[in-house]
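J.: To start, I am sharing the structure in question, which I have written as structure tokens.
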Amino acid sequence: MDPGLVTQVELFLRCKNLKDKDVTSKSDPFVVIKDASSGTVVGKTEVKKDNLNPDFDETIQISYFFETKQEMICEVLDFDEGAKHETLGSARFTMGQLMGARGASVTLKLEGKGEITITGTEMKGLNEDIQLQFSGHNLKNMDFMGKSDPFFTISRKLPNGSLKQLYKSEVIDNNLNPIWRVMPLMPMSHFCGGSMDTQCIVFKCYDEDLTGNDDMGEFVCSANQLQQLYHEKIGISLKNKKGEDFGKIRVSQALVVKRPSFLDYLKCGLQLNINISIDFTGSNLPPSNPKSLHRYDPQVPNQYIRAVLAIAGVVQEYDFDKQFPCFGFGAMLPGAQDVSHFFHLNMQENPYLNGIQQVIDTYVNTVNTVRLYGPTNFAPTIRAVTHTARSTPGVYSILLILTDGCITDMDDTRNAIVDADDAPLSILIVGVDD
């Protein structure tokens with residue numbers, strides 16, 4: 001996955017009232033964090049001797065993916081030299097639960113006795129863009145007639161040793177002290193991947209010639225070193241493979257612009273609001289039909305229920321009140337003469353449902369109450385949710401539309417989406433069945 005799409009998080013851990021496993025002293029605890037799905041150890045802390053209330057100094061770094069449910073196992077162990085470490089307690093948490101909590105901090109009860117507090121903080125630097133400008137000073141003259149025509153490339157050295165070119169400058173003719181134009185703003189992560197200190201930025205300078213470009217030396221540095229060159233107004237030498245000096249390169253500009261991350265928005269109080277809209281058109285077949293997409297079996301959830309659990313299960317970690325407005329479309333409601341293209345799933349004035357389980361229970365009740373009809377019109381739902389999203393400050397809305405069929409009001413749906421472009425809203429359309 002592109003490092004630019006990942007947030008690097010640092011975990012701080014402390015425990016309280018741990019179980020005492022030692023006879024003549026107190027437990028010597030340390031913490032191990034594992035990925036629950038693979039069992040892989042993500043990291044561990046140092047050992048705190050004779051301490052039942054440790055505040056660990058060593059942190060654990062983890063890659064956090066907002067769009068994935070990352071379940072972690074936290075194990076607190078008692079260190080024993082030359083023997084098997086005894087378990088003092090364990091707990092599970094998801095990265096969404098942690099980073100979505102107020103202050104990005106959760107306190108979990110350990111199995112047996114005690115508790116652990118985990119606090120996550122975003123590692124700085126990787127959610128920034130940088131704009132660079134380079135200049136050359138006293139570059140080596142590679143031409144017999146006239147002067148060198150220098151240009152440069154910047155590449156990133158990948159873990160497999162290959163180079164990924166990020167930028168190629170213009171050629172400045174007949175100049176040993178060139179000032180190249182300012183580079184475009186680029187994500188810092190493109191330069192350094194996951195670490196500001198890794199020496200993976202390769203700067204190469206060339207003299208353009210019709211018969212082939214002459215190598216004018218190179219240097220390798222880190223993202224932090226580039227910024228240091230700028231702040232200290234010093235140059236770095238261009239050298240070839242033999243160590244010969246071809247002049248110096250200076251960083252004339254290093255403009256760093258912080259790009260707000262998802263965690264920055266959470267810290268400022270942003271909440272997510274999941275709106276769920278379900279297709280009740282006749283093509284689903286009545287729930288009494290064994291082939292119905294709405295057929296309910298408590299042992300085998302249908303595709304509508306599975307889709308709600310899969311998507312809402314990730315996003316609900318960031319919805320503090322766990323109240324979900326839920327809707328339906330394409331059904332004939334009890335006592336109605338016309339089909340409804342937008343109705344509250346609970347058929348009450350307030351469409352909000354408390355938690356995913358109530359969403360599922362209400363859906364099952366409604367599908368057995370209404371008459372499946374049609375057609376499949378999305379626009380009324382999109383327009384209604386857009387109106388709510390615009391009028392709810394501090395909230396980002398997500399509209400999840402679950403459907404089995406083709407959109408029958410395609411032009412109106414397109415217009416509704418275009419009209420919603422100023423609203424804090426994302427629209428997800430999930431198709432069920434074939």
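Numbering starts fresh at 1 for the residues of each chain in the structure tokens, the chains themselves are lettered A, B, ... in the order given, and ligands are numbered from 1 as they appear.
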Could you give me the residues within range 85-319 of chain A that DSSP places in helix (DSSP H, G or I), as a VMD selection string?
T.: chain A and resid 95 to 100 102 to 104 188 to 192 223 to 232 262 to 267 282 to 284 303 to 318
J.: Leaving out range 6-19 of chain A and any residue of its chain fewer than 6 positions from it, which residues lie within 9 Å of it when counting only C-alpha atoms, given as a ChimeraX atom specification?
T.: /A:26-27,29,31,45,51-66,76,88-89,110,112-124,126-127,194,261-263
J.: Considering only C-alpha atoms, return as a ChimeraX atom specification whatever protein or nucleic-acid residues lie within 10 Å of Ala336 in chain A, sequence-local ones (same chain, fewer than 4 positions apart) excluded.
T.: /A:331-332,340,370-371
J.: Ranking A:Ala312, A:Ile305, A:Ile427, A:Leu98 by minimum distance to Val364 in chain A and counting only C-alpha atoms, which one comes first?
T.: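 Distance minimum relative to Val364 in chain A lands on A:Ile305.
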J.: One decimal, in Å: what's the spacing between CA of Gln225 in chain A and CA of Ala254 in chain A?
T.: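 Going from CA of Gln225 in chain A over to CA of Ala254 in chain A covers 11.1 Å.
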J.: From the options A:Leu166, A:Val430, A:Leu372, A:Cys74, which residue's atoms come nearest to Gln303 in chain A, counting only C-alpha atoms?
T.: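 Counting only C-alpha atoms, the residue closest to Gln303 in chain A is A:Val430.
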